[in-house]
file final_13.cif (mmCIF, C-alpha atoms and all ligand atoms)
data_model
loop_
_atom_site.label_atom_id
_atom_site.label_comp_id
_atom_site.auth_asym_id
_atom_site.auth_seq_id
_atom_site.Cartn_x
_atom_site.Cartn_y
_atom_site.Cartn_z
CA MET A 1 110.51 85.82 159.51
CA LYS A 2 110.28 83.08 156.89
CA ILE A 3 109.28 83.71 153.30
CA LYS A 4 109.59 81.42 150.30
CA LYS A 5 111.89 82.40 147.45
CA THR A 6 110.30 84.05 144.39
CA ASP A 7 110.44 80.80 142.39
CA ALA A 8 108.33 79.12 145.07
CA LEU A 9 105.71 81.91 145.18
CA SER A 10 103.29 80.03 142.92
CA SER A 11 102.95 77.17 145.42
CA MET A 12 102.35 79.28 148.51
CA SER A 13 99.12 80.05 150.35
CA ILE A 14 98.10 83.57 151.41
CA LEU A 15 95.45 84.35 154.00
CA GLY A 16 93.80 87.75 153.46
CA ILE A 17 91.84 89.54 156.19
CA GLU A 18 89.50 92.52 155.65
CA THR A 19 87.67 94.43 158.42
CA SER A 20 87.74 98.04 157.19
CA CYS A 21 84.02 98.74 157.62
CA ASP A 22 81.09 96.44 158.33
CA GLU A 23 82.08 93.18 156.65
CA THR A 24 84.28 90.63 158.42
CA ALA A 25 86.07 88.81 155.62
CA ALA A 26 88.82 86.24 155.14
CA SER A 27 90.10 84.51 152.02
CA VAL A 28 92.75 81.96 151.12
CA VAL A 29 94.47 82.40 147.77
CA LYS A 30 97.11 80.19 146.17
CA GLY A 31 100.27 81.64 144.64
CA ASP A 32 98.86 81.12 141.13
CA PHE A 33 95.94 83.47 142.02
CA GLU A 34 93.48 80.60 142.52
CA ILE A 35 90.91 81.73 145.11
CA LEU A 36 90.40 78.73 147.43
CA SER A 37 87.93 80.46 149.72
CA ASN A 38 86.25 83.84 150.06
CA VAL A 39 84.19 84.19 153.24
CA VAL A 40 82.30 87.43 153.95
CA LEU A 41 80.20 87.93 157.06
CA SER A 42 77.95 90.94 156.58
CA GLN A 43 76.81 93.07 159.52
CA ASP A 44 73.89 94.59 157.60
CA GLU A 45 71.30 93.25 160.05
CA ILE A 46 73.10 94.82 163.02
CA HIS A 47 73.28 98.29 161.45
CA ALA A 48 69.92 98.24 159.62
CA PRO A 49 67.88 99.62 162.57
CA PHE A 50 70.17 102.68 162.60
CA GLY A 51 70.10 103.22 158.81
CA GLY A 52 73.91 103.34 158.66
CA VAL A 53 77.07 101.79 160.08
CA VAL A 54 77.54 102.36 163.83
CA PRO A 55 81.34 102.27 164.25
CA GLU A 56 81.37 100.94 167.82
CA LEU A 57 78.98 98.11 166.95
CA ALA A 58 81.03 97.30 163.85
CA SER A 59 84.27 96.82 165.81
CA ARG A 60 82.52 94.67 168.42
CA GLN A 61 81.04 92.44 165.72
CA HIS A 62 84.45 92.06 164.05
CA LEU A 63 85.97 91.13 167.39
CA THR A 64 83.31 88.49 168.06
CA PHE A 65 83.40 86.84 164.65
CA ILE A 66 86.85 87.28 163.15
CA GLY A 67 88.11 83.95 164.53
CA TYR A 68 85.13 82.07 163.08
CA VAL A 69 85.42 83.76 159.70
CA ILE A 70 89.13 82.94 159.42
CA GLN A 71 88.50 79.34 160.51
CA GLU A 72 85.73 78.99 157.92
CA SER A 73 87.99 80.35 155.16
CA LEU A 74 90.65 77.78 156.14
CA ASN A 75 88.08 74.95 156.24
CA ARG A 76 86.82 75.80 152.76
CA ALA A 77 90.39 75.95 151.49
CA LYS A 78 91.14 72.63 153.26
CA LEU A 79 94.19 74.14 154.96
CA LYS A 80 95.39 74.64 158.52
CA LEU A 81 96.78 77.87 159.94
CA ASP A 82 100.32 76.50 160.05
CA GLU A 83 100.13 75.87 156.30
CA ILE A 84 99.66 79.59 155.54
CA ASP A 85 102.88 81.10 154.15
CA VAL A 86 101.98 84.81 154.09
CA TYR A 87 99.31 86.96 155.75
CA ALA A 88 97.73 90.07 154.21
CA VAL A 89 95.48 92.55 155.97
CA THR A 90 93.71 95.82 155.20
CA GLN A 91 95.57 98.65 156.94
CA GLY A 92 93.32 101.56 155.84
CA PRO A 93 91.42 103.64 154.96
CA GLY A 94 88.28 102.77 156.94
CA LEU A 95 86.79 102.89 160.42
CA ILE A 96 89.72 102.93 162.78
CA GLY A 97 88.18 100.59 165.38
CA SER A 98 87.20 98.08 162.68
CA LEU A 99 90.60 98.23 160.99
CA LEU A 100 92.40 97.66 164.30
CA VAL A 101 90.56 94.38 164.90
CA GLY A 102 91.77 92.85 161.62
CA LEU A 103 95.24 94.34 161.90
CA SER A 104 95.76 93.22 165.50
CA PHE A 105 94.50 89.73 164.72
CA ALA A 106 96.84 89.50 161.72
CA LYS A 107 99.78 90.76 163.78
CA GLY A 108 99.08 88.12 166.42
CA LEU A 109 99.01 85.32 163.84
CA THR A 110 102.19 86.45 162.08
CA TYR A 111 104.00 86.85 165.42
CA TYR A 112 102.99 83.37 166.57
CA PHE A 113 103.69 81.58 163.27
CA GLU A 114 106.70 83.78 162.40
CA LYS A 115 105.32 84.56 158.96
CA PRO A 116 105.44 87.78 156.91
CA LEU A 117 102.57 90.26 156.73
CA ILE A 118 101.64 92.45 153.78
CA ALA A 119 99.68 95.61 154.64
CA ILE A 120 97.06 96.44 152.04
CA ASP A 121 95.38 99.73 151.14
CA HIS A 122 91.61 99.22 150.89
CA LEU A 123 91.12 101.35 147.75
CA GLU A 124 94.05 99.72 145.98
CA ALA A 125 92.49 96.34 146.84
CA HIS A 126 89.13 97.41 145.34
CA ILE A 127 90.93 98.43 142.15
CA HIS A 128 92.84 95.17 142.09
CA SER A 129 89.55 93.23 142.22
CA ALA A 130 88.91 94.52 138.69
CA LEU A 131 92.10 92.81 137.53
CA LEU A 132 91.02 89.38 138.80
CA ASP A 133 88.91 88.54 135.75
CA THR A 134 90.65 90.82 133.25
CA ARG A 135 94.32 90.26 133.99
CA ASN A 136 95.68 91.82 130.80
CA ILE A 137 94.12 95.24 130.96
CA PRO A 138 96.19 97.79 129.01
CA PHE A 139 97.86 100.65 130.88
CA PRO A 140 97.70 103.55 131.55
CA ALA A 141 94.27 103.17 133.11
CA LEU A 142 91.76 105.33 134.96
CA ALA A 143 90.18 103.62 137.98
CA LEU A 144 86.98 104.81 139.63
CA VAL A 145 86.35 103.48 143.16
CA VAL A 146 82.72 104.01 144.18
CA SER A 147 81.67 102.74 147.56
CA GLY A 148 79.86 103.68 150.75
CA GLY A 149 82.91 105.47 152.14
CA HIS A 150 84.77 106.56 149.00
CA THR A 151 84.36 108.05 145.56
CA SER A 152 87.87 108.35 144.20
CA LEU A 153 89.43 108.53 140.77
CA PHE A 154 92.96 107.21 140.19
CA PHE A 155 95.37 107.39 137.31
CA MET A 156 97.36 104.17 136.98
CA LYS A 157 100.46 104.48 134.85
CA LYS A 158 100.99 100.75 135.34
CA LYS A 159 99.97 97.98 137.72
CA LEU A 160 100.50 98.82 141.42
CA ASN A 161 101.11 102.48 140.58
CA LEU A 162 98.30 104.76 141.72
CA GLU A 163 97.92 108.51 141.58
CA LEU A 164 94.83 110.01 143.21
CA ILE A 165 93.40 112.58 140.78
CA GLY A 166 89.91 113.15 142.19
CA LYS A 167 87.95 112.41 145.35
CA THR A 168 84.68 113.38 146.93
CA ARG A 169 84.67 116.62 148.87
CA ASP A 170 81.69 115.55 150.97
CA ASP A 171 79.50 112.43 150.72
CA ALA A 172 80.52 109.30 148.81
CA ALA A 173 78.14 108.14 146.05
CA GLY A 174 77.08 105.05 148.04
CA GLU A 175 76.54 107.18 151.12
CA ALA A 176 74.18 109.49 149.16
CA LEU A 177 72.18 106.46 147.93
CA ASP A 178 72.08 105.01 151.46
CA LYS A 179 70.96 108.33 152.99
CA ILE A 180 68.12 108.89 150.51
CA ALA A 181 66.97 105.30 151.08
CA LYS A 182 67.08 105.90 154.84
CA PHE A 183 65.06 109.10 154.48
CA LEU A 184 62.41 107.21 152.50
CA ASP A 185 62.48 104.38 155.05
CA LEU A 186 63.48 101.78 152.45
CA GLY A 187 65.98 99.79 154.53
CA TYR A 188 69.75 99.43 154.79
CA PRO A 189 71.99 99.37 152.84
CA GLY A 190 70.02 101.58 150.49
CA GLY A 191 72.19 101.18 147.37
CA PRO A 192 71.02 97.69 146.40
CA ILE A 193 67.40 98.54 147.33
CA ILE A 194 67.38 101.62 145.08
CA ASP A 195 69.06 99.55 142.34
CA LYS A 196 66.11 97.13 142.39
CA LEU A 197 63.26 99.63 142.80
CA ALA A 198 64.65 102.08 140.22
CA GLU A 199 64.25 99.42 137.52
CA LYS A 200 60.51 100.05 137.63
CA GLY A 201 60.79 103.82 137.18
CA ASN A 202 61.23 106.43 134.49
CA PRO A 203 64.64 108.13 134.97
CA GLN A 204 63.55 111.17 132.90
CA LYS A 205 60.72 112.16 135.24
CA PHE A 206 62.68 114.31 137.74
CA ALA A 207 65.49 116.62 136.65
CA PHE A 208 68.65 116.93 138.74
CA GLY A 209 71.52 119.32 138.02
CA LEU A 210 75.04 118.01 137.51
CA PRO A 211 77.44 118.76 140.40
CA HIS A 212 80.05 121.18 139.10
CA MET A 213 83.52 121.99 140.46
CA THR A 214 84.17 125.68 139.88
CA ASP A 215 87.94 125.18 140.17
CA GLY A 216 87.95 122.67 137.29
CA SER A 217 89.23 119.84 139.49
CA LEU A 218 88.27 116.20 139.08
CA ASP A 219 86.78 116.05 142.59
CA PHE A 220 83.25 114.79 143.19
CA SER A 221 80.46 116.19 145.36
CA PHE A 222 77.28 114.32 146.24
CA SER A 223 75.91 116.33 149.12
CA GLY A 224 74.34 118.91 146.76
CA LEU A 225 72.62 116.12 144.85
CA LYS A 226 71.42 114.60 148.11
CA THR A 227 70.04 117.98 149.29
CA ALA A 228 68.29 118.48 145.93
CA ALA A 229 66.73 115.00 146.30
CA LEU A 230 65.59 115.76 149.85
CA LYS A 231 64.00 119.02 148.66
CA LYS A 232 62.11 117.17 145.93
CA ILE A 233 60.95 114.51 148.41
CA LYS A 234 59.45 117.28 150.56
CA GLU A 235 58.08 119.33 147.66
CA TYR A 236 56.33 116.40 145.93
CA GLU A 237 55.68 114.49 149.16
CA ILE A 238 57.45 111.43 147.77
CA SER A 239 56.90 108.25 149.78
CA LYS A 240 56.60 104.53 149.06
CA SER A 241 52.91 104.99 148.21
CA HIS A 242 53.42 107.99 145.87
CA SER A 243 52.59 107.30 142.22
CA ASP A 244 55.97 108.79 141.16
CA PHE A 245 57.99 106.84 143.77
CA PHE A 246 59.81 104.56 141.30
CA ASP A 247 60.34 107.43 138.84
CA PHE A 248 61.91 109.49 141.61
CA LEU A 249 64.37 106.71 142.54
CA ALA A 250 65.24 106.05 138.89
CA SER A 251 65.86 109.78 138.33
CA PHE A 252 68.07 110.07 141.42
CA GLU A 253 70.04 106.97 140.46
CA LYS A 254 70.51 108.40 136.98
CA ALA A 255 71.81 111.69 138.46
CA VAL A 256 74.40 109.84 140.57
CA ILE A 257 75.59 107.81 137.57
CA ARG A 258 75.75 110.92 135.39
CA ALA A 259 77.94 112.70 137.96
CA LEU A 260 80.32 109.73 138.09
CA LEU A 261 80.65 109.38 134.33
CA ALA A 262 80.95 113.14 133.72
CA ASN A 263 84.13 113.23 135.81
CA MET A 264 85.44 110.13 134.11
CA ALA A 265 84.91 111.84 130.73
CA LYS A 266 86.83 114.93 131.92
CA ALA A 267 89.67 112.72 133.18
CA ILE A 268 89.89 110.81 129.88
CA ASN A 269 90.51 114.08 128.04
CA ILE A 270 93.33 114.99 130.39
CA TYR A 271 95.01 111.63 131.01
CA LYS A 272 94.38 109.80 127.68
CA PRO A 273 94.15 106.31 129.23
CA LYS A 274 93.98 103.02 127.33
CA SER A 275 91.50 101.46 129.71
CA LEU A 276 88.92 102.17 132.40
CA ILE A 277 88.22 100.40 135.70
CA LEU A 278 85.03 100.60 137.77
CA CYS A 279 85.03 99.06 141.25
CA GLY A 280 83.74 99.32 144.85
CA GLY A 281 80.35 98.39 146.31
CA VAL A 282 78.32 100.78 144.12
CA ALA A 283 79.83 99.07 141.04
CA ARG A 284 77.30 96.30 141.75
CA ASN A 285 74.60 98.69 140.51
CA LYS A 286 73.10 97.27 137.30
CA LYS A 287 72.45 100.62 135.58
CA LEU A 288 75.93 101.89 136.45
CA ARG A 289 77.55 98.70 135.10
CA GLN A 290 75.52 98.97 131.90
CA GLN A 291 76.15 102.69 131.36
CA PHE A 292 79.83 102.43 132.26
CA THR A 293 80.17 99.62 129.68
CA GLU A 294 78.45 101.72 127.00
CA PHE A 295 80.55 104.75 127.97
CA ALA A 296 83.83 102.77 127.67
CA GLN A 297 82.77 101.28 124.34
CA GLU A 298 81.81 104.70 122.96
CA SER A 299 85.17 106.04 124.16
CA ARG A 300 86.83 103.06 122.39
CA LEU A 301 88.64 102.04 125.55
CA SER A 302 89.18 98.64 127.18
CA PHE A 303 87.44 98.32 130.51
CA SER A 304 87.02 96.07 133.51
CA ILE A 305 84.35 95.82 136.20
CA PRO A 306 84.72 93.09 138.86
CA SER A 307 82.00 90.46 139.11
CA PRO A 308 79.42 91.64 141.71
CA GLU A 309 80.75 89.44 144.58
CA PHE A 310 84.15 91.16 144.28
CA CYS A 311 82.71 94.71 144.15
CA THR A 312 81.63 94.87 147.79
CA ASP A 313 84.19 94.42 150.56
CA ASN A 314 85.91 91.03 150.52
CA ALA A 315 89.28 89.57 151.46
CA ALA A 316 90.06 87.85 148.14
CA MET A 317 91.01 91.30 146.79
CA VAL A 318 93.31 91.75 149.80
CA ALA A 319 95.09 88.40 149.38
CA THR A 320 95.45 88.68 145.59
CA LEU A 321 96.83 92.23 145.79
CA ALA A 322 99.36 91.02 148.38
CA LEU A 323 100.38 88.27 145.97
CA GLU A 324 100.76 90.76 143.12
CA LYS A 325 102.97 92.91 145.37
CA LEU A 326 105.13 89.94 146.35
CA LYS A 327 105.50 88.92 142.71
CA SER A 328 106.60 92.44 141.83
CA GLY A 329 109.40 92.10 144.41
CA GLU A 330 107.85 94.16 147.22
CA LYS A 331 109.21 93.20 150.63
CA PRO A 332 106.65 92.26 153.29
CA SER A 333 106.21 94.73 156.13
CA PHE A 334 107.58 94.03 159.58
CA ALA A 335 104.35 92.98 161.21
CA GLN A 336 104.57 94.52 164.65
CA ASP A 337 105.36 98.05 163.36
CA LEU A 338 102.15 98.52 161.39
CA ASN A 339 99.39 100.88 162.39
CA ALA A 340 95.94 101.41 160.88
CA TYR A 341 95.11 104.66 159.06
CA PRO A 342 91.55 106.01 158.72
CA ARG A 343 92.16 108.22 155.65
CA ARG A 344 94.35 108.13 152.60
CA ALA A 345 96.61 111.00 151.62
CA HIS A 346 98.73 111.05 148.50
CA ILE A 347 101.39 113.13 146.85
CA ASN A 348 102.60 111.85 143.48
CA GLY A 349 101.33 108.38 144.22
CA VAL A 350 103.19 108.07 147.53
CA ARG A 351 100.98 107.32 150.49
CA LEU A 352 101.61 109.74 153.32
CA SER A 353 99.37 108.41 156.07
O1 LIG B 401 82.75 98.69 148.93
P1 LIG B 401 81.70 98.57 149.96
O2 LIG B 401 81.23 97.17 150.33
O3 LIG B 401 82.14 99.24 151.33
C1 LIG B 401 82.89 100.42 151.41
O4 LIG B 401 84.14 100.35 151.25
O5 LIG B 401 82.23 101.47 151.62
O6 LIG B 401 80.46 99.46 149.48
C2 LIG B 401 79.26 99.56 150.18
C3 LIG B 401 78.36 100.52 149.42
C4 LIG B 401 77.08 100.90 150.17
O7 LIG B 401 76.89 102.31 150.11
C5 LIG B 401 75.98 100.18 149.40
O8 LIG B 401 74.73 100.85 149.43
C6 LIG B 401 76.57 100.20 147.99
O9 LIG B 401 77.95 99.92 148.18
N1 LIG B 401 75.98 99.19 147.11
C7 LIG B 401 75.23 99.49 146.03
C8 LIG B 401 74.79 98.25 145.48
N2 LIG B 401 75.31 97.25 146.26
C9 LIG B 401 76.02 97.84 147.25
N3 LIG B 401 74.88 100.68 145.48
C10 LIG B 401 74.10 100.65 144.39
N4 LIG B 401 73.65 99.51 143.82
C11 LIG B 401 73.96 98.30 144.33
N5 LIG B 401 73.50 97.18 143.77
ZN ZN B 402 85.20 98.99 150.35
#

call {"tool": "encode", "arguments": {"input": "final_13.cif", "output": "structure tokens"}}
result
Amino acid sequence: MKIKKTDALSSMSILGIETSCDETAASVVKGDFEILSNVVLSQDEIHAPFGGVVPELASRQHLTFIGYVIQESLNRAKLKLDEIDVYAVTQGPGLIGSLLVGLSFAKGLTYYFEKPLIAIDHLEAHIHSALLDTRNIPFPALALVVSGGHTSLFFMKKKLNLELIGKTRDDAAGEALDKIAKFLDLGYPGGPIIDKLAEKGNPQKFAFGLPHMTDGSLDFSFSGLKTAALKKIKEYEISKSHSDFFDFLASFEKAVIRALLANMAKAINIYKPKSLILCGGVARNKKLRQQFTEFAQESRLSFSIPSPEFCTDNAAMVATLALEKLKSGEKPSFAQDLNAYPRRAHINGVRLS
């Protein structure tokens, strides 16, 4: 296994690969964090008829296109495979079949070219995407990852040090948005569609209760909110042609945002952070970005939200996190030993699975 010495890290090239869910992504990043390419092939069209990701179809799509996506990322970076110094790949959490495509492909490349491989945690990569634009964020920080598969709150004592302090006990926030959109036959993925349509509505029109954890934990729950929304849809016969359609979507979106920020507020009181991070696919939502910004400013805390292209799944966050790990002295994994993991389990910041 060949790896450049630390003093040569800034001149190296890292290829990142991401296939944890339904985006096939590859990115080439230079050792000074310059992103040379960031290619994302979305599978939205494939899954749209089903109103959600079909795991078997997702892995097959990854398998068909991963070679093309990697080649395109190299073309855009004007590099050849044998010029890549280090590989980085998402190991988990995610759909196991999807993860295995990226991981196996990365293992094959590192075996053939005798190069090191850095295994990357998907949620840690999402959080790292918030540090791409705002590199000097003060620590400790609280990081909220909101996506289609996850709604998790982390305490970060310092860079690369994560402690899971809250997670969803049922649906993720993005999943709740996607399911309500599916129920109303709005298309897939529902999050961005609701984002757009809700702009035209009055968020005060429908009242939703705030999910509440009776044990005082910082966990989230979105299935109750989803059920309440479904009940209202039936009760008021909400559909695309209903006069209150936009108001309903705006009210539901507001309820989701309120639940996210309420937990953040609780966590601030306990952990006294210096800054806040918002990331993951749902962090593309305009209202959430705006209200999170206001919330951080009112709390007098620094904050960072990735630019929209880095909120949804991408491989630039994988490659740059790998670089950060290398710079901090972390040793690359031995490629052929790695296995994918579908879920994340933590005790005191140490990953167990
Ligand atoms: O991070 P991501 O690409 O994949 C996962 O790791 O899950 O997040 C996808 C999620 C989907 O639920 C999608 O509906 C949601 O992000 N999303 C949005 C927006 N754009 C994507 N939700 C609300 N507003 C948006 N603009
Ligand atoms: Zn993601």

call {"tool": "residues_near_ligand", "arguments": {"input": "final_13.cif", "ligand": "ligand LIG 401 (chain B)", "cutoff": "6 Å", "atoms": "only C-alpha atoms and all ligand atoms", "output": "ChimeraX atom specification"}}
result
/A:147-149,174-175,178,189-192,195,280-282,284-285,312-313

call {"tool": "write_last_selection", "arguments": {"input": "final_13.cif", "atoms": "C-alpha atoms", "output": "PDB file, keeping the file's coordinate frame"}}
result
ATOM      1  CA  SER A 147      81.670 102.740 147.560  1.00  0.00           C
ATOM      2  CA  GLY A 148      79.860 103.680 150.750  1.00  0.00           C
ATOM      3  CA  GLY A 149      82.910 105.470 152.140  1.00  0.00           C
ATOM      4  CA  GLY A 174      77.080 105.050 148.040  1.00  0.00           C
ATOM      5  CA  GLU A 175      76.540 107.180 151.120  1.00  0.00           C
ATOM      6  CA  ASP A 178      72.080 105.010 151.460  1.00  0.00           C
ATOM      7  CA  PRO A 189      71.990  99.370 152.840  1.00  0.00           C
ATOM      8  CA  GLY A 190      70.020 101.580 150.490  1.00  0.00           C
ATOM      9  CA  GLY A 191      72.190 101.180 147.370  1.00  0.00           C
ATOM     10  CA  PRO A 192      71.020  97.690 146.400  1.00  0.00           C
ATOM     11  CA  ASP A 195      69.060  99.550 142.340  1.00  0.00           C
ATOM     12  CA  GLY A 280      83.740  99.320 144.850  1.00  0.00           C
ATOM     13  CA  GLY A 281      80.350  98.390 146.310  1.00  0.00           C
ATOM     14  CA  VAL A 282      78.320 100.780 144.120  1.00  0.00           C
ATOM     15  CA  ARG A 284      77.300  96.300 141.750  1.00  0.00           C
ATOM     16  CA  ASN A 285      74.600  98.690 140.510  1.00  0.00           C
ATOM     17  CA  THR A 312      81.630  94.870 147.790  1.00  0.00           C
ATOM     18  CA  ASP A 313      84.190  94.420 150.560  1.00  0.00           C
TER      19      ASP A 313
END

call {"tool": "atom_distance", "arguments": {"input": "final_13.cif", "atom1": "CA of Lys205 (chain A)", "atom2": "CA of Ser223 (chain A)"}}
result
21.0 Å

call {"tool": "residues_near_point", "arguments": {"input": "final_13.cif", "point": "(61.0, 113.8, 137.1)", "cutoff": "8 Å", "atoms": "all atoms listed in the file", "output": "ChimeraX atom specification"}}
result
/A:202-207,247-248,251

call {"tool": "closest_residue", "arguments": {"input": "final_13.cif", "among": "A:Asp185, A:Asp219, A:Glu124, A:Glu83", "to": "ligand ZN 402 (chain B)", "atoms": "only C-alpha atoms and all ligand atoms"}}
result
A:Glu124

call {"tool": "atom_distance", "arguments": {"input": "final_13.cif", "atom1": "CA of Lys232 (chain A)", "atom2": "CA of Leu197 (chain A)"}}
result
17.9 Å

call {"tool": "closest_residue", "arguments": {"input": "final_13.cif", "among": "A:Arg258, A:Lys179, A:Lys115, A:Lys30", "to": "Lys78 (chain A)", "atoms": "only C-alpha atoms"}}
result
A:Lys30

call {"tool": "closest_residue", "arguments": {"input": "final_13.cif", "among": "A:Ala267, A:Ala340, A:Val101, A:Met317", "to": "Leu144 (chain A)", "atoms": "only C-alpha atoms"}}
result
A:Ala267

call {"tool": "closest_residue", "arguments": {"input": "final_13.cif", "among": "A:Gly67, A:Pro140, A:Gly209, A:Pro93", "to": "ligand ZN 402 (chain B)", "atoms": "only C-alpha atoms and all ligand atoms"}}
result
A:Pro93

call {"tool": "closest_residue", "arguments": {"input": "final_13.cif", "among": "A:Ser27, A:Asn269, A:Thr64, A:Thr19", "to": "Gln91 (chain A)", "atoms": "all atoms listed in the file"}}
result
A:Thr19

call {"tool": "atom_distance", "arguments": {"input": "final_13.cif", "atom1": "CA of Gln291 (chain A)", "atom2": "CA of Tyr188 (chain A)"}}
result
24.5 Å

call {"tool": "residues_around", "arguments": {"input": "final_13.cif", "residues": "Leu160 (chain A)", "least_positions_apart": "5", "cutoff": "9 Å", "atoms": "all atoms listed in the file", "output": "list in words"}}
result
Glu124, His128, Leu321, Glu324, Lys325 and Ser328 of chain A

call {"tool": "residues_around", "arguments": {"input": "final_13.cif", "residues": "Ala262 (chain A)", "least_positions_apart": "5", "cutoff": "12 Å", "atoms": "only C-alpha atoms", "output": "ChimeraX atom specification"}}
result
/A:144,153,210-213,218-220,254-257,267-269,291-292,295

call {"tool": "closest_residue", "arguments": {"input": "final_13.cif", "among": "A:Leu132, A:Ile165, A:Leu338, A:Ile96", "to": "Ser307 (chain A)", "atoms": "only C-alpha atoms"}}
result
A:Leu132

call {"tool": "decode", "arguments": {"input": "final_13.cif", "residues": "region 77-83 of chain A", "atoms": "all heavy atoms", "output": "PDB file, in the first residue's frame"}}
result
ATOM      1  N   ALA A  77     -12.033  16.274 -13.862  1.00  0.00           N
ATOM      2  CA  ALA A  77     -10.851  16.665 -13.077  1.00  0.00           C
ATOM      3  C   ALA A  77      -9.585  16.627 -13.919  1.00  0.00           C
ATOM      4  O   ALA A  77      -8.514  17.004 -13.450  1.00  0.00           O
ATOM      5  CB  ALA A  77     -10.698  15.731 -11.878  1.00  0.00           C
ATOM      6  N   LYS A  78      -9.718  16.143 -15.167  1.00  0.00           N
ATOM      7  CA  LYS A  78      -8.577  15.990 -16.086  1.00  0.00           C
ATOM      8  C   LYS A  78      -7.490  15.108 -15.480  1.00  0.00           C
ATOM      9  O   LYS A  78      -6.300  15.419 -15.505  1.00  0.00           O
ATOM     10  CB  LYS A  78      -8.013  17.355 -16.499  1.00  0.00           C
ATOM     11  CG  LYS A  78      -9.020  18.219 -17.247  1.00  0.00           C
ATOM     12  CD  LYS A  78      -8.375  19.463 -17.807  1.00  0.00           C
ATOM     13  CE  LYS A  78      -9.294  20.260 -18.697  1.00  0.00           C
ATOM     14  NZ  LYS A  78     -10.609  20.566 -18.172  1.00  0.00           N
ATOM     15  N   LEU A  79      -7.923  13.991 -14.916  1.00  0.00           N
ATOM     16  CA  LEU A  79      -6.987  13.033 -14.313  1.00  0.00           C
ATOM     17  C   LEU A  79      -7.310  11.620 -14.795  1.00  0.00           C
ATOM     18  O   LEU A  79      -8.424  11.346 -15.230  1.00  0.00           O
ATOM     19  CB  LEU A  79      -7.104  13.065 -12.784  1.00  0.00           C
ATOM     20  CG  LEU A  79      -6.507  14.260 -12.047  1.00  0.00           C
ATOM     21  CD1 LEU A  79      -6.822  14.155 -10.563  1.00  0.00           C
ATOM     22  CD2 LEU A  79      -5.002  14.356 -12.250  1.00  0.00           C
ATOM     23  N   LYS A  80      -6.314  10.747 -14.671  1.00  0.00           N
ATOM     24  CA  LYS A  80      -6.534   9.323 -14.994  1.00  0.00           C
ATOM     25  C   LYS A  80      -6.552   8.537 -13.689  1.00  0.00           C
ATOM     26  O   LYS A  80      -6.018   9.000 -12.667  1.00  0.00           O
ATOM     27  CB  LYS A  80      -5.406   8.817 -15.875  1.00  0.00           C
ATOM     28  CG  LYS A  80      -5.338   9.533 -17.209  1.00  0.00           C
ATOM     29  CD  LYS A  80      -4.606   8.665 -18.229  1.00  0.00           C
ATOM     30  CE  LYS A  80      -4.754   9.225 -19.624  1.00  0.00           C
ATOM     31  NZ  LYS A  80      -4.240  10.590 -19.757  1.00  0.00           N
ATOM     32  N   LEU A  81      -7.132   7.343 -13.748  1.00  0.00           N
ATOM     33  CA  LEU A  81      -7.238   6.542 -12.520  1.00  0.00           C
ATOM     34  C   LEU A  81      -5.896   6.319 -11.842  1.00  0.00           C
ATOM     35  O   LEU A  81      -5.790   6.362 -10.618  1.00  0.00           O
ATOM     36  CB  LEU A  81      -7.869   5.180 -12.847  1.00  0.00           C
ATOM     37  CG  LEU A  81      -9.363   5.038 -12.583  1.00  0.00           C
ATOM     38  CD1 LEU A  81      -9.824   3.627 -12.900  1.00  0.00           C
ATOM     39  CD2 LEU A  81      -9.729   5.397 -11.138  1.00  0.00           C
ATOM     40  N   ASP A  82      -4.837   6.093 -12.662  1.00  0.00           N
ATOM     41  CA  ASP A  82      -3.544   5.817 -12.022  1.00  0.00           C
ATOM     42  C   ASP A  82      -2.900   7.060 -11.408  1.00  0.00           C
ATOM     43  O   ASP A  82      -1.829   6.981 -10.821  1.00  0.00           O
ATOM     44  CB  ASP A  82      -2.589   5.089 -12.979  1.00  0.00           C
ATOM     45  CG  ASP A  82      -2.307   5.898 -14.235  1.00  0.00           C
ATOM     46  OD1 ASP A  82      -2.692   7.080 -14.271  1.00  0.00           O
ATOM     47  OD2 ASP A  82      -1.702   5.342 -15.176  1.00  0.00           O
ATOM     48  N   GLU A  83      -3.571   8.221 -11.560  1.00  0.00           N
ATOM     49  CA  GLU A  83      -3.055   9.431 -10.900  1.00  0.00           C
ATOM     50  C   GLU A  83      -3.749   9.679  -9.550  1.00  0.00           C
ATOM     51  O   GLU A  83      -3.439  10.642  -8.856  1.00  0.00           O
ATOM     52  CB  GLU A  83      -3.263  10.652 -11.806  1.00  0.00           C
ATOM     53  CG  GLU A  83      -2.408  10.596 -13.067  1.00  0.00           C
ATOM     54  CD  GLU A  83      -2.735  11.716 -14.036  1.00  0.00           C
ATOM     55  OE1 GLU A  83      -3.804  11.627 -14.686  1.00  0.00           O
ATOM     56  OE2 GLU A  83      -1.949  12.673 -14.124  1.00  0.00           O
TER      57      GLU A  83
END
